[in-house]
$ cat entry-v9.txt   # compact mmCIF, C-alpha atoms
# COMPACT_ATOMS: atom_id res chain seq x y z
CA TRP A 1 -45.50 -13.35 23.76
CA PHE A 2 -45.42 -16.45 21.58
CA ILE A 3 -44.10 -19.71 23.07
CA LEU A 4 -43.80 -22.76 20.83
CA GLN A 5 -46.38 -25.33 21.85
CA TYR A 6 -47.52 -28.58 20.30
CA MET A 7 -50.28 -31.16 20.55
CA SER A 8 -49.30 -34.82 20.40
CA GLY A 9 -50.58 -37.80 18.45
CA PHE A 10 -50.33 -39.12 14.90
CA GLY A 11 -53.44 -38.52 12.78
CA ASN A 12 -55.51 -37.40 15.76
CA GLU A 13 -58.59 -35.20 15.57
CA HIS A 14 -57.16 -31.99 17.00
CA VAL A 15 -58.85 -28.71 17.90
CA SER A 16 -56.92 -25.49 18.37
CA GLU A 17 -57.61 -21.78 18.62
CA ASP A 18 -55.30 -18.85 19.17
CA PRO A 19 -55.70 -17.78 22.83
CA ARG A 20 -56.07 -14.16 21.70
CA CYS A 21 -59.52 -15.09 20.35
CA PRO A 22 -61.20 -17.50 22.79
CA GLY A 23 -64.30 -19.16 21.35
CA ALA A 24 -63.16 -18.73 17.75
CA LEU A 25 -64.08 -22.34 16.95
CA PRO A 26 -67.78 -22.68 16.12
CA GLU A 27 -69.58 -25.02 18.50
CA GLY A 28 -71.39 -28.04 17.18
CA GLN A 29 -70.97 -27.37 13.46
CA ASN A 30 -68.32 -26.67 10.84
CA ASN A 31 -69.94 -23.97 8.73
CA PRO A 32 -72.30 -21.63 10.63
CA GLN A 33 -74.11 -18.84 8.85
CA VAL A 34 -71.88 -16.36 10.69
CA CYS A 35 -68.59 -17.54 12.23
CA PRO A 36 -67.33 -16.12 15.57
CA TYR A 37 -65.30 -12.91 15.26
CA GLY A 38 -66.48 -12.51 11.66
CA LEU A 39 -64.12 -15.23 10.40
CA TYR A 40 -64.45 -17.23 7.19
CA ALA A 41 -64.79 -21.03 7.29
CA GLU A 42 -62.62 -22.94 4.81
CA GLN A 43 -62.16 -26.70 4.50
CA LEU A 44 -58.84 -28.21 3.46
CA SER A 45 -59.37 -31.76 2.13
CA GLY A 46 -56.46 -34.19 2.02
CA SER A 47 -58.54 -37.08 0.71
CA ALA A 48 -61.63 -37.70 -1.38
CA PHE A 49 -64.83 -36.91 0.52
CA THR A 50 -65.90 -40.55 0.21
CA CYS A 51 -62.70 -42.21 1.49
CA PRO A 52 -63.28 -44.76 4.27
CA ARG A 53 -63.26 -43.10 7.66
CA PRO A 54 -59.77 -44.43 8.67
CA THR A 55 -58.20 -42.74 5.63
CA ASN A 56 -60.43 -39.65 5.44
CA LYS A 57 -58.37 -36.49 5.99
CA ARG A 58 -59.68 -32.96 6.30
CA SER A 59 -59.40 -29.90 8.50
CA TRP A 60 -61.59 -26.84 8.91
CA LEU A 61 -59.78 -23.48 9.08
CA TYR A 62 -61.34 -20.28 10.45
CA ARG A 63 -59.52 -17.37 8.89
CA ILE A 64 -59.63 -13.59 8.56
CA LEU A 65 -59.84 -13.82 4.74
CA PRO A 66 -60.22 -16.99 2.67
CA SER A 67 -57.23 -18.18 0.66
CA VAL A 68 -59.11 -17.56 -2.61
CA CYS A 69 -58.32 -13.82 -2.34
CA HIS A 70 -55.29 -13.57 -4.60
CA LYS A 71 -54.33 -12.32 -8.05
CA PRO A 72 -53.93 -14.92 -10.86
CA PHE A 73 -51.00 -17.33 -10.72
CA LYS A 74 -48.15 -16.74 -13.14
CA PRO A 75 -45.21 -19.02 -13.98
CA LEU A 76 -42.18 -18.70 -11.71
CA GLU A 77 -38.67 -19.78 -12.59
CA GLU A 78 -38.24 -23.18 -10.91
CA GLY A 79 -34.44 -23.39 -11.08
CA HIS A 80 -33.36 -26.97 -10.44
CA LEU A 81 -36.79 -28.26 -9.41
CA THR A 82 -38.10 -30.79 -11.93
CA HIS A 83 -40.04 -33.97 -12.55
CA ASN A 84 -38.54 -34.51 -15.99
CA TRP A 85 -36.93 -37.93 -15.56
CA ASP A 86 -35.62 -38.08 -19.14
CA GLU A 87 -33.04 -35.27 -19.01
CA VAL A 88 -30.15 -37.74 -19.11
CA GLU A 89 -29.74 -41.41 -19.95
CA PRO A 90 -30.49 -43.94 -17.18
CA ASP A 91 -27.53 -44.89 -14.99
CA PRO A 92 -27.68 -48.23 -13.13
CA ASN A 93 -24.38 -47.71 -11.32
CA GLN A 94 -23.98 -47.35 -7.59
CA LEU A 95 -24.01 -43.58 -7.07
CA ARG A 96 -22.65 -41.54 -4.19
CA TRP A 97 -22.57 -37.80 -3.71
CA LYS A 98 -20.21 -35.71 -1.62
CA PRO A 99 -21.91 -33.22 0.74
CA PHE A 100 -23.96 -30.78 -1.29
CA GLU A 101 -22.52 -27.29 -1.27
CA ILE A 102 -24.38 -24.40 0.38
CA PRO A 103 -23.64 -21.08 -1.36
CA LYS A 104 -22.56 -18.12 0.75
CA ALA A 105 -25.33 -15.53 1.13
CA SER A 106 -22.91 -12.86 -0.08
CA GLN A 107 -22.54 -14.74 -3.38
CA ASN A 108 -26.02 -16.12 -3.99
CA LYS A 109 -29.02 -15.61 -1.71
CA LEU A 110 -31.18 -18.73 -1.66
CA ASP A 111 -34.27 -19.30 0.44
CA PHE A 112 -36.00 -22.65 0.92
CA VAL A 113 -37.87 -22.45 -2.41
CA SER A 114 -35.06 -21.13 -4.60
CA GLY A 115 -32.72 -23.64 -2.91
CA LEU A 116 -34.69 -26.73 -3.98
CA HIS A 117 -32.74 -29.13 -6.21
CA THR A 118 -34.30 -32.34 -7.52
CA LEU A 119 -31.89 -35.27 -7.35
CA CYS A 120 -33.97 -38.23 -8.52
CA GLY A 121 -37.50 -39.55 -8.80
CA ALA A 122 -40.09 -41.46 -10.81
CA GLY A 123 -43.72 -41.16 -11.84
CA GLU A 124 -45.48 -37.85 -12.24
CA PRO A 125 -47.91 -35.73 -10.28
CA ARG A 126 -50.72 -35.55 -12.84
CA GLY A 127 -51.27 -39.30 -12.58
CA ARG A 128 -51.02 -39.06 -8.77
CA ASN A 129 -48.37 -41.77 -8.55
CA GLY A 130 -44.70 -41.11 -7.98
CA ILE A 131 -41.99 -39.71 -5.76
CA ALA A 132 -39.16 -37.21 -5.95
CA VAL A 133 -36.07 -36.73 -3.82
CA HIS A 134 -34.91 -33.14 -3.44
CA ILE A 135 -31.90 -31.54 -1.75
CA PHE A 136 -32.42 -28.10 -0.23
CA VAL A 137 -29.58 -25.68 0.39
CA CYS A 138 -30.41 -22.19 1.62
CA ASN A 139 -28.87 -19.26 3.44
CA THR A 140 -31.72 -16.78 3.84
CA SER A 141 -35.27 -16.82 5.16
CA MET A 142 -38.43 -16.65 3.07
CA LEU A 143 -39.63 -13.05 3.32
CA ASP A 144 -43.28 -12.39 2.50
CA ARG A 145 -43.25 -15.66 0.52
CA CYS A 146 -44.95 -18.96 1.23
CA LEU A 147 -45.11 -22.26 -0.63
CA TYR A 148 -47.76 -24.90 -0.97
CA ASN A 149 -47.40 -28.18 -2.81
CA SER A 150 -50.36 -29.07 -5.02
CA ASP A 151 -48.58 -32.23 -6.14
CA GLY A 152 -48.02 -34.13 -2.90
CA ASP A 153 -46.54 -34.32 0.57
CA PHE A 154 -43.07 -33.13 1.64
CA LEU A 155 -41.18 -35.14 4.25
CA ILE A 156 -38.38 -32.76 5.25
CA VAL A 157 -35.14 -33.98 6.87
CA PRO A 158 -32.91 -31.08 7.99
CA GLN A 159 -29.23 -32.00 8.15
CA GLN A 160 -27.53 -28.69 8.94
CA GLY A 161 -29.28 -25.72 10.53
CA LYS A 162 -32.69 -25.29 12.14
CA LEU A 163 -35.90 -24.64 10.22
CA PHE A 164 -38.45 -22.32 11.84
CA ILE A 165 -41.57 -23.15 9.87
CA THR A 166 -44.74 -21.06 9.93
CA THR A 167 -47.81 -22.90 8.64
CA GLU A 168 -51.51 -22.13 8.43
CA PHE A 169 -51.89 -24.39 11.48
CA GLY A 170 -49.18 -22.75 13.59
CA LYS A 171 -45.41 -22.71 14.02
CA MET A 172 -42.84 -25.52 14.31
CA LEU A 173 -39.12 -25.49 15.04
CA VAL A 174 -37.47 -28.44 13.27
CA GLU A 175 -33.83 -29.20 14.07
CA PRO A 176 -31.39 -31.78 12.67
CA ASN A 177 -32.35 -35.24 13.98
CA GLU A 178 -36.00 -34.21 13.69
CA ILE A 179 -38.24 -34.51 10.63
CA CYS A 180 -41.43 -32.78 9.64
CA VAL A 181 -44.17 -33.52 7.14
CA ILE A 182 -45.99 -30.74 5.31
CA GLN A 183 -48.94 -32.39 3.59
CA GLN A 184 -50.41 -31.56 0.20
CA GLY A 185 -51.91 -28.09 -0.07
CA MET A 186 -50.65 -26.67 3.24
CA ARG A 187 -49.08 -23.23 3.01
CA PHE A 188 -45.78 -22.75 4.84
CA SER A 189 -42.84 -20.40 5.06
CA VAL A 190 -39.33 -21.30 6.25
CA GLU A 191 -37.04 -19.11 8.33
CA VAL A 192 -33.37 -20.15 8.64
CA PHE A 193 -30.48 -18.99 10.81
CA GLY A 194 -27.50 -19.28 8.48
CA GLU A 195 -26.28 -21.90 6.06
CA THR A 196 -28.88 -24.68 5.99
CA ARG A 197 -29.11 -28.01 4.19
CA GLY A 198 -31.29 -31.09 4.13
CA TYR A 199 -33.23 -33.70 2.21
CA ILE A 200 -36.87 -33.94 1.08
CA LEU A 201 -38.90 -36.99 0.13
CA GLU A 202 -41.94 -35.95 -1.92
CA VAL A 203 -44.75 -38.42 -2.58
CA TYR A 204 -47.54 -37.96 -5.12
CA GLY A 205 -50.88 -39.65 -4.56
CA ALA A 206 -50.45 -41.06 -1.05
CA HIS A 207 -50.00 -39.76 2.47
CA PHE A 208 -47.48 -40.97 5.02
CA GLU A 209 -48.74 -43.26 7.75
CA LEU A 210 -47.30 -45.39 10.52
CA PRO A 211 -46.33 -48.87 9.33
CA ASP A 212 -48.36 -51.85 10.52
CA LEU A 213 -46.64 -53.66 13.38
CA GLY A 214 -47.86 -57.21 12.74
CA PRO A 215 -46.26 -59.71 15.14
CA ILE A 216 -44.36 -56.90 16.90
CA GLY A 217 -47.67 -56.12 18.62
CA ALA A 218 -49.25 -52.90 19.78
CA ASN A 219 -46.09 -50.94 20.65
CA GLY A 220 -42.75 -50.12 19.09
CA LEU A 221 -40.97 -48.29 16.28
CA ALA A 222 -42.35 -44.71 16.05
CA ASN A 223 -45.02 -44.32 18.73
CA PRO A 224 -48.04 -42.20 17.76
CA ARG A 225 -47.85 -39.98 20.84
CA ASP A 226 -44.38 -38.72 19.87
CA PHE A 227 -45.63 -36.92 16.76
CA LEU A 228 -46.23 -33.23 17.42
CA VAL A 229 -48.71 -30.89 15.75
CA PRO A 230 -48.51 -27.07 16.03
CA VAL A 231 -51.13 -25.02 17.84
CA ALA A 232 -53.13 -22.25 16.16
CA TRP A 233 -51.38 -18.93 15.66
CA TYR A 234 -52.44 -16.10 13.40
CA GLU A 235 -51.14 -12.82 12.10
CA ASP A 236 -53.54 -10.10 10.96
CA ARG A 237 -51.02 -8.40 8.71
CA GLN A 238 -51.57 -6.35 5.59
CA VAL A 239 -48.80 -6.50 2.99
CA PRO A 240 -49.42 -3.61 0.59
CA GLY A 241 -46.24 -4.37 -1.35
CA GLY A 242 -47.56 -7.84 -2.10
CA TYR A 243 -47.30 -11.22 -0.39
CA THR A 244 -46.18 -13.97 -2.79
CA VAL A 245 -47.97 -17.32 -2.63
CA ILE A 246 -46.05 -19.99 -4.55
CA SER A 247 -47.77 -23.13 -5.79
CA LYS A 248 -45.88 -26.22 -6.90
CA TYR A 249 -48.32 -27.51 -9.49
CA GLN A 250 -47.69 -30.35 -11.97
CA GLY A 251 -44.00 -30.10 -11.19
CA LYS A 252 -43.74 -26.40 -12.03
CA LEU A 253 -43.75 -23.31 -9.81
CA PHE A 254 -46.36 -20.54 -10.05
CA ALA A 255 -46.62 -17.33 -8.04
CA ALA A 256 -49.66 -15.25 -7.08
CA GLN A 257 -49.78 -11.94 -5.25
CA GLN A 258 -52.07 -11.00 -2.38
CA ASP A 259 -52.05 -8.06 0.01
CA PHE A 260 -52.29 -9.95 3.32
CA SER A 261 -50.50 -12.71 5.19
CA PRO A 262 -51.79 -16.23 4.44
CA PHE A 263 -51.12 -17.20 8.06
CA ASN A 264 -54.40 -15.65 9.18
CA VAL A 265 -56.02 -18.79 10.61
CA VAL A 266 -57.38 -17.94 14.06
CA ALA A 267 -58.67 -21.44 14.84
CA TRP A 268 -58.84 -24.87 13.24
CA HIS A 269 -59.95 -28.43 13.85
CA GLY A 270 -59.38 -31.70 12.00
CA ASN A 271 -56.99 -34.55 11.35
CA TYR A 272 -55.16 -33.15 8.31
CA THR A 273 -52.20 -31.22 9.72
CA PRO A 274 -48.47 -30.67 9.46
CA TYR A 275 -46.45 -32.54 12.09
CA LYS A 276 -42.93 -33.18 13.33
CA TYR A 277 -41.10 -36.06 15.00
CA HIS A 278 -37.78 -36.46 16.84
CA LEU A 279 -35.82 -39.46 15.57
CA GLU A 280 -34.38 -40.19 19.04
CA LYS A 281 -37.89 -41.20 20.12
CA PHE A 282 -37.80 -44.24 17.79
CA MET A 283 -38.08 -47.55 19.67
CA VAL A 284 -35.57 -49.77 17.89
CA ILE A 285 -36.37 -53.45 17.28
CA ASN A 286 -33.40 -55.73 16.56
CA SER A 287 -32.12 -59.31 16.47
CA VAL A 288 -31.14 -60.63 19.91
CA ALA A 289 -29.93 -64.11 18.88
CA PHE A 290 -28.42 -64.45 15.39
CA ASP A 291 -28.70 -63.15 11.83
CA HIS A 292 -30.31 -59.93 10.64
CA ALA A 293 -33.88 -58.84 10.71
CA ASP A 294 -34.63 -57.01 7.47
CA PRO A 295 -34.16 -53.21 7.56
CA SER A 296 -37.93 -52.77 7.32
CA ILE A 297 -37.86 -52.98 11.15
CA PHE A 298 -36.43 -49.44 11.07
CA THR A 299 -39.38 -47.91 9.16
CA VAL A 300 -40.62 -44.65 10.71
CA LEU A 301 -43.27 -43.73 8.12
CA THR A 302 -44.62 -45.37 4.99
CA ALA A 303 -46.64 -44.20 1.99
CA LYS A 304 -48.44 -47.26 0.70
CA THR A 305 -49.39 -48.37 -2.78
CA THR A 306 -52.59 -50.30 -3.51
CA ARG A 307 -50.53 -53.52 -3.52
CA PRO A 308 -50.47 -55.03 -0.01
CA GLY A 309 -47.07 -54.70 1.62
CA VAL A 310 -45.51 -52.66 -1.20
CA ALA A 311 -44.57 -49.07 -0.44
CA LEU A 312 -44.57 -46.12 -2.77
CA ALA A 313 -41.98 -44.84 -0.32
CA ASP A 314 -40.69 -45.77 3.13
CA PHE A 315 -38.73 -43.49 5.44
CA VAL A 316 -36.27 -45.69 7.32
CA ILE A 317 -33.61 -44.73 9.90
CA PHE A 318 -30.52 -46.47 11.31
CA PRO A 319 -30.28 -45.09 14.83
CA PRO A 320 -27.88 -45.88 17.68
CA ARG A 321 -28.60 -49.33 19.10
CA TRP A 322 -27.04 -52.46 20.57
CA GLY A 323 -25.61 -55.22 18.36
CA VAL A 324 -25.64 -58.59 20.13
CA ALA A 325 -26.17 -61.20 17.40
CA ASN A 326 -23.98 -64.31 17.81
CA ASN A 327 -22.12 -66.02 14.95
CA THR A 328 -23.33 -63.24 12.66
CA PHE A 329 -21.78 -60.79 10.20
CA ARG A 330 -23.27 -57.75 11.87
CA PRO A 331 -23.03 -54.89 9.33
CA PRO A 332 -25.59 -54.74 6.50
CA TYR A 333 -25.29 -57.74 4.21
CA TYR A 334 -24.56 -57.71 0.48
CA HIS A 335 -27.79 -57.16 -1.30
CA ARG A 336 -29.70 -56.75 -4.57
CA ASN A 337 -33.15 -55.31 -4.17
CA CYS A 338 -36.36 -54.93 -6.20
CA MET A 339 -36.71 -51.55 -4.44
CA SER A 340 -34.67 -48.36 -4.96
CA GLU A 341 -32.59 -47.24 -1.98
CA PHE A 342 -31.61 -43.59 -1.50
CA MET A 343 -29.55 -42.94 1.63
CA GLY A 344 -28.55 -39.78 3.44
CA LEU A 345 -26.52 -39.07 6.55
CA ILE A 346 -27.56 -36.49 9.13
CA LYS A 347 -24.54 -36.92 11.42
CA GLY A 348 -21.77 -39.34 12.36
CA HIS A 349 -20.27 -42.27 10.43
CA TYR A 350 -22.40 -44.92 8.75
CA GLU A 351 -21.29 -48.39 9.85
CA ALA A 352 -21.01 -49.98 6.38
CA LYS A 353 -18.97 -47.17 4.79
CA GLU A 354 -17.11 -45.05 7.30
CA GLU A 355 -15.08 -43.34 4.59
CA GLY A 356 -16.64 -41.40 1.73
CA PHE A 357 -20.27 -41.39 2.88
CA GLN A 358 -20.45 -38.06 4.69
CA PRO A 359 -23.10 -35.97 6.49
CA GLY A 360 -24.91 -33.86 3.93
CA GLY A 361 -24.03 -36.29 1.13
CA ALA A 362 -26.09 -39.17 -0.27
CA SER A 363 -26.04 -42.47 -2.13
CA LEU A 364 -28.42 -44.21 -4.52
CA HIS A 365 -28.47 -47.96 -5.07
CA SER A 366 -30.94 -48.46 -7.87
CA MET A 367 -33.26 -51.34 -8.51
CA MET A 368 -31.30 -54.64 -8.59
CA THR A 369 -27.94 -52.84 -8.44
CA PRO A 370 -25.73 -54.77 -5.96
CA HIS A 371 -24.41 -53.00 -2.89
CA GLY A 372 -23.08 -53.71 0.57
CA PRO A 373 -20.20 -53.06 2.96
CA ASP A 374 -16.92 -51.79 1.60
CA ALA A 375 -13.82 -53.97 1.76
CA ASP A 376 -12.51 -52.45 4.98
CA CYS A 377 -15.82 -52.94 6.77
CA PHE A 378 -16.05 -56.57 5.57
CA GLU A 379 -12.58 -57.47 6.81
CA LYS A 380 -13.06 -55.85 10.20
CA ALA A 381 -16.50 -57.35 10.82
CA SER A 382 -15.40 -60.83 9.70
CA LYS A 383 -12.62 -60.88 12.32
CA ALA A 384 -14.30 -58.94 15.12
CA LYS A 385 -14.80 -60.50 18.54
CA LEU A 386 -18.59 -60.79 18.88
CA GLU A 387 -19.43 -59.06 22.11
CA PRO A 388 -22.41 -56.80 22.84
CA GLU A 389 -21.51 -53.45 21.27
CA ARG A 390 -23.09 -50.10 20.64
CA VAL A 391 -23.74 -49.63 16.93
CA ALA A 392 -24.00 -46.24 15.23
CA GLU A 393 -23.34 -44.25 18.40
CA GLY A 394 -23.48 -40.54 17.52
CA THR A 395 -24.79 -41.38 14.05
CA MET A 396 -28.10 -40.99 12.25
CA ALA A 397 -28.36 -42.37 8.73
CA PHE A 398 -31.66 -42.72 6.89
CA MET A 399 -33.09 -44.27 3.75
CA PHE A 400 -35.84 -43.27 1.35
CA GLU A 401 -36.86 -46.62 -0.15
CA SER A 402 -39.29 -46.91 -3.05
CA SER A 403 -40.86 -49.60 -5.22
CA LEU A 404 -40.37 -47.24 -8.18
CA SER A 405 -37.26 -47.28 -10.37
CA LEU A 406 -35.72 -43.86 -9.79
CA ALA A 407 -34.18 -41.72 -12.52
CA VAL A 408 -31.42 -39.27 -11.63
CA THR A 409 -31.63 -35.68 -12.86
CA LYS A 410 -29.05 -33.80 -14.89
CA TRP A 411 -28.38 -31.70 -11.78
CA GLY A 412 -27.66 -34.85 -9.79
CA LEU A 413 -25.34 -36.44 -12.36
CA GLN A 414 -23.64 -33.35 -13.78
CA THR A 415 -24.54 -29.82 -12.69
CA SER A 416 -24.15 -30.30 -8.93
CA ASN A 417 -20.56 -31.48 -9.48
CA ARG A 418 -20.83 -33.55 -6.28
CA LEU A 419 -20.94 -37.05 -7.76
CA ASP A 420 -18.17 -39.27 -6.39
CA LYS A 421 -16.69 -40.84 -9.53
CA ASN A 422 -14.57 -43.23 -7.43
CA TYR A 423 -17.38 -44.79 -5.40
CA TYR A 424 -17.07 -48.18 -7.12
CA LYS A 425 -13.46 -48.46 -5.93
CA CYS A 426 -14.51 -49.08 -2.32
CA TRP A 427 -15.39 -52.68 -3.32
CA GLU A 428 -12.33 -53.36 -5.49
CA PRO A 429 -10.10 -54.51 -2.59
CA LEU A 430 -12.54 -57.33 -1.68
CA LYS A 431 -10.52 -60.55 -1.73
CA ILE A 432 -11.38 -64.12 -2.67
CA HIS A 433 -11.37 -66.17 0.55
CA PHE A 434 -12.74 -69.32 -1.07
CA ASN A 435 -10.81 -72.51 -0.35
CA PRO A 436 -12.49 -75.75 -1.55
CA LYS A 437 -10.38 -77.80 0.89
CA ARG A 438 -11.54 -75.85 3.93
CA LYS A 439 -15.04 -76.21 5.29
$ encode --input "entry-v9.txt" --output "structure tokens"
Amino acid sequence: WFILQYMSGFGNEHVSEDPRCPGALPEGQNNPQVCPYGLYAEQLSGSAFTCPRPTNKRSWLYRILPSVCHKPFKPLEEGHLTHNWDEVEPDPNQLRWKPFEIPKASQNKLDFVSGLHTLCGAGEPRGRNGIAVHIFVCNTSMLDRCLYNSDGDFLIVPQQGKLFITTEFGKMLVEPNEICVIQQGMRFSVEVFGETRGYILEVYGAHFELPDLGPIGANGLANPRDFLVPVAWYEDRQVPGGYTVISKYQGKLFAAQQDFSPFNVVAWHGNYTPYKYHLEKFMVINSVAFDHADPSIFTVLTAKTTRPGVALADFVIFPPRWGVANNTFRPPYYHRNCMSEFMGLIKGHYEAKEEGFQPGGASLHSMMTPHGPDADCFEKASKAKLEPERVAEGTMAFMFESSLSLAVTKWGLQTSNRLDKNYYKCWEPLKIHFNPKRK
């Protein structure tokens, strides 16, 4: 009977109840003495109670049993999930990874949790300041297992394969070229349909928000109405064999058993929810005369620091668009940055490096490490006839950019065996064109 439905709007106050139980939401108050249908009221807080109203996040859940009904948590093997940034020596080089390998289910069954691999990051969750970049590769669905992240928010970018995600708030289908955000503390389970891969940006101590638009005005970039929130759906299911609730807590995994499904929320209301967004909905802003606008014009979501204008992490995309700038070198310029730039490719060919940077792979240009177009791209763009042209058609590249200096894990540098040792060679053919007699 279930049809996927969504409510729209970023950060809205939503109300939702499963149609099988009309009137499940209490009227006029959050916590009545007796809730409709004999439900329990439970608040999920995503911010301090005393945060200013624009940043105050909470939702009220009305559930068959409260989430406190579980056996004690016990340590769970976390595999390649880590926030130990001192496993290997720092590496300031330009780094690029070939597409990360997805094991065959016949060889090694991995679900979303067991398939998490931390690639790089900085900071740590106990101090509530930091980020981590994870790669997920999986080939089987989570069965009677759910995860919640006590440390921070997950921004999930599927690259290959759909994710059918059940949350306490309802269900979402997230396909490549879409993203979803599962915020701190929200329980979710991931069903997959074969070999599946993607990227995760995790932030500790901040939530994602839409970037300020400044002189752009009231409209543009990612529009609030295009963000979708699931509608309430519950299952009243006993699991005598044990349902496993996994908590990511202080960078480690812990598992607790309970004998019922955690997705037993009949109704909910609030502004603290999971959500998804389709990247094709992004309204691209670009230069229409000459030169480049900075890539910050492609920011979809940002997690701010307390310093004005400085992001803990930005999620930036490079979608299909028109290039029309006159007398301008149109690909990305050569650059050294006080931010760290991690890039991934969902599909297509990235304009600055058509060879080597592949869908399902990644690159990291660390703080103040120079980077830019490869030699082939530079030569072509320097000689190209400057006519209006479609850029990045059939492509979707993205960037996780952070003000933190990111350390790469041992898995990223060694164990994954996907590091491209020849990446630096793409710049070696760059020629000297300087001629002091020619102006």
$ closest_residue --input "entry-v9.txt" --among "A:Gly23, A:Phe10, A:Ser363, A:Asn223" --to "A:Arg418" --atoms "all atoms listed in the file"
A:Ser363
$ residues_around --input "entry-v9.txt" --residues "A:His80" --least-positions-apart "3" --cutoff "8 Å" --atoms "all atoms listed in the file" --output "PyMOL selection string"
chain A and resi 116-118+411
$ closest_residue --input "entry-v9.txt" --among "A:Arg321, A:Lys248, A:Lys431, A:Lys98" --to "A:Val288" --atoms "only C-alpha atoms"
A:Arg321
$ closest_residue --input "entry-v9.txt" --among "A:Leu81, A:Val265, A:Met368, A:Met343" --to "A:Phe398" --atoms "all atoms listed in the file"
A:Met343
$ residues_around --input "entry-v9.txt" --residues "A:Arg237" --least-positions-apart "6" --cutoff "9 Å" --atoms "all atoms listed in the file" --output "PDB file with C-alpha atoms, keeping the file's coordinate frame"
ATOM      1  CA  ASP A 259     -52.050  -8.060   0.010  1.00  0.00           C
ATOM      2  CA  PHE A 260     -52.290  -9.950   3.320  1.00  0.00           C
ATOM      3  CA  SER A 261     -50.500 -12.710   5.190  1.00  0.00           C
ATOM      4  CA  PRO A 262     -51.790 -16.230   4.440  1.00  0.00           C
ATOM      5  CA  PHE A 263     -51.120 -17.200   8.060  1.00  0.00           C
ATOM      6  CA  ASN A 264     -54.400 -15.650   9.180  1.00  0.00           C
TER       7      ASN A 264
END
$ atom_distance --input "entry-v9.txt" --atom1 "atom CA of A:Val316" --atom2 "atom CA of A:Asp420"
23.6 Å
$ closest_residue --input "entry-v9.txt" --among "A:Val324, A:Thr55, A:Glu280, A:Asn271" --to "A:His207" --atoms "only C-alpha atoms"
A:Thr55
$ residues_around --input "entry-v9.txt" --residues "A:Asn129" --least-positions-apart "5" --cutoff "9 Å" --atoms "only C-alpha atoms" --output "JSON, numbers by chain"
{"A": [122, 123, 124, 203, 204, 205, 206, 305, 312]}
$ residues_near_point --input "entry-v9.txt" --point "(-57.7, -43.7, -1.5)" --cutoff "12 Å" --atoms "only C-alpha atoms" --output "NGL selection string"
:A and (46-57 or 128-129 or 205-207 or 303-306)
$ residues_around --input "entry-v9.txt" --residues "stretch 239-246 of chain A" --least-positions-apart "6" --cutoff "6 Å" --atoms "all atoms listed in the file" --output "list in words"
Asp144, Arg145, Cys146, Leu147, Phe254, Ala255, Ala256, Gln257, Gln258, Asp259 and Phe260 of chain A
$ write_last_selection --input "entry-v9.txt" --atoms "C-alpha atoms" --output "JSON list (two decimals), in the frame of the given file"
[["chain", "number", "residue", "atom", "x", "y", "z"],
["A", 144, "ASP", "CA", -43.28, -12.39, 2.50],
["A", 145, "ARG", "CA", -43.25, -15.66, 0.52],
["A", 146, "CYS", "CA", -44.95, -18.96, 1.23],
["A", 147, "LEU", "CA", -45.11, -22.26, -0.63],
["A", 254, "PHE", "CA", -46.36, -20.54, -10.05],
["A", 255, "ALA", "CA", -46.62, -17.33, -8.04],
["A", 256, "ALA", "CA", -49.66, -15.25, -7.08],
["A", 257, "GLN", "CA", -49.78, -11.94, -5.25],
["A", 258, "GLN", "CA", -52.07, -11.00, -2.38],
["A", 259, "ASP", "CA", -52.05, -8.06, 0.01],
["A", 260, "PHE", "CA", -52.29, -9.95, 3.32]]
$ residues_near_point --input "entry-v9.txt" --point "(-21.3, -60.1, 10.1)" --cutoff "10 Å" --atoms "only C-alpha atoms" --output "ChimeraX atom specification"
/A:290-292,325-333,377-384,386
$ axis_aligned_box --input "entry-v9.txt" --around "stretch 82-101 of chain A" --padding-each-side "5 Å" --output "lines of an AutoDock Vina configuration file"
center_x = -30.1
center_y = -37.8
center_z = -9.6
size_x = 29.8
size_y = 30.9
size_z = 30.7
$ closest_residue --input "entry-v9.txt" --among "A:Ser340, A:Ser403, A:Asn286, A:Ser296" --to "A:Ala311" --atoms "only C-alpha atoms"
A:Ser403
$ residues_around --input "entry-v9.txt" --residues "A:Gly412" --least-positions-apart "4" --cutoff "10 Å" --atoms "all atoms listed in the file" --output "list of chain:residue names"
A:His80, A:Leu95, A:Trp97, A:His117, A:Thr118, A:Leu119, A:Cys120, A:His134, A:Ile135, A:Ala407, A:Val408, A:Ser416, A:Asn417, A:Arg418, A:Leu419
$ atom_distance --input "entry-v9.txt" --atom1 "atom CA of A:Gly348" --atom2 "atom CA of A:Gly394"
5.6 Å
$ atom_distance --input "entry-v9.txt" --atom1 "atom CA of A:His278" --atom2 "atom CA of A:Ile216"
21.5 Å
$ closest_residue --input "entry-v9.txt" --among "A:Arg20, A:His433, A:His83, A:His371" --to "A:Lys252" --atoms "all atoms listed in the file"
A:His83
